Amino acid sequence: MTKYCVITVLFISLLFYSLAGARKKSEPGETKTGWKKVVWVDEKGVRHVTMVSPRRGHRKATAKPKKAPHKSAPAVIHSKVSKILDMESIQLKDGRVVRYIGIKAPPKDNRAHKKAMAFHRKTVKGKWVNILPGVEPYDNDGSLWGFVFVNRMTFVNAELIKNGYAMSEPVEPNTEYRILFERLENRAQKRKLGIWK
């Protein structure tokens, strides 16, 4: 009888110690089930949270990715142009600055610069415009990236390139009209318009 009691006590003790050993303390970022929380940020500044299983390569999704805070822009902006800042940007009546997407203006010492500015003023100054913001709506200075339309008929970005008053310059990721701008630039070069004379 005593022999069986000793064996039973030893068995219970071994079972207790084995269970106690299995309950090791979790590492920082590790849950009680062994899953580890991994937080990482991609190149666009989007924060991701991933749970990694003790089994290699086994992951499960947790919370939705949290995007870095940034200003958003409405789908289309309707406003009046109050000022021409330069060949690449305008100011709206509410004070916002809009930069044309996909164009690069000629330097001021270029012989076509005065004609380009005159054409620019005539096209947009004091007029109501519709602005379609880019995928990335703001530049590093807080100006609004935009495709600008006058009366829904004149595509200002394209007109500047078409008449040889600006060059095509893709701005990633705002490249919706890149092919059009490149074709218009090639046509202006062949016809020797504006800066291409």
# chains A, B, ... in the order shown; residues from 1 in each chain; ligands from 1

$ select_by_dssp --residues "stretch 77-106 of chain A" --states "strand (DSSP E or B)" --output "PyMOL selection string"
chain A and resi 77-86+89-92+97-100+103-104

$ residues_around --residues "A:Ser79" --least-positions-apart "3" --cutoff "9 Å" --atoms "only C-alpha atoms" --output "PyMOL selection string"
chain A and resi 92-94+127-131

$ write_last_selection --atoms "C-alpha atoms" --output "short mmCIF file (atom, residue, chain, number, x, y, z; two decimals), in the first residue's frame"
data_model
loop_
_atom_site.label_atom_id
_atom_site.label_comp_id
_atom_site.auth_asym_id
_atom_site.auth_seq_id
_atom_site.Cartn_x
_atom_site.Cartn_y
_atom_site.Cartn_z
CA LEU A 92 -6.81 80.00 -55.19
CA LYS A 93 -9.11 82.63 -53.70
CA ASP A 94 -9.12 80.72 -50.36
CA LYS A 127 -11.17 82.04 -63.79
CA TRP A 128 -13.07 79.28 -62.05
CA VAL A 129 -11.24 75.98 -62.22
CA ASN A 130 -11.84 72.37 -61.31
CA ILE A 131 -8.87 70.69 -59.67
#

$ residues_around --residues "A:Glu185" --least-positions-apart "3" --cutoff "8 Å" --atoms "only C-alpha atoms" --output "PyMOL selection string"
chain A and resi 161-162+164+167-168+181-182+188-189

$ closest_residue --among "A:Lys122, A:Arg99, A:His78, A:Lys104" --to "A:Asp141" --atoms "only C-alpha atoms"
A:Arg99

$ closest_residue --among "A:Lys114, A:Arg152, A:Ile101, A:Ile90" --to "A:Glu176" --atoms "only C-alpha atoms"
A:Ile101

$ atom_distance --atom1 "atom CA of A:Lys108" --atom2 "atom CA of A:Met87"
9.6 Å

$ closest_residue --among "A:Leu193, A:Val171, A:Gly102, A:Ala116" --to "A:Asn157" --atoms "only C-alpha atoms"
A:Gly102

$ residues_around --residues "A:Gly126" --least-positions-apart "6" --cutoff "9 Å" --atoms "only C-alpha atoms" --output "ChimeraX atom specification"
/A:80-83

$ write_last_selection --atoms "C-alpha atoms" --output "mmCIF file, in the first residue's frame"
data_model
loop_
_atom_site.group_PDB
_atom_site.id
_atom_site.type_symbol
_atom_site.label_atom_id
_atom_site.label_comp_id
_atom_site.auth_asym_id
_atom_site.auth_seq_id
_atom_site.Cartn_x
_atom_site.Cartn_y
_atom_site.Cartn_z
ATOM 1 C CA LYS A 80 -11.359 80.659 -58.476
ATOM 2 C CA VAL A 81 -7.748 81.459 -59.337
ATOM 3 C CA SER A 82 -6.655 84.644 -57.597
ATOM 4 C CA LYS A 83 -2.957 84.718 -58.432
#

$ closest_residue --among "A:Ala166, A:Val150, A:Ile84, A:Ala105" --to "A:Arg121" --atoms "only C-alpha atoms"
A:Ile84

$ closest_residue --among "A:Ile103, A:Val135, A:Val97, A:Ala118" --to "A:Pro173" --atoms "only C-alpha atoms"
A:Val135

$ atom_distance --atom1 "atom CA of A:Ser143" --atom2 "atom CA of A:Val98"
5.7 Å

$ closest_residue --among "A:Met117, A:Asn174, A:Leu144, A:Pro106" --to "A:Ile195" --atoms "only C-alpha atoms"
A:Pro106

$ atom_distance --atom1 "atom CA of A:Gly134" --atom2 "atom CA of A:Gly146"
5.7 Å
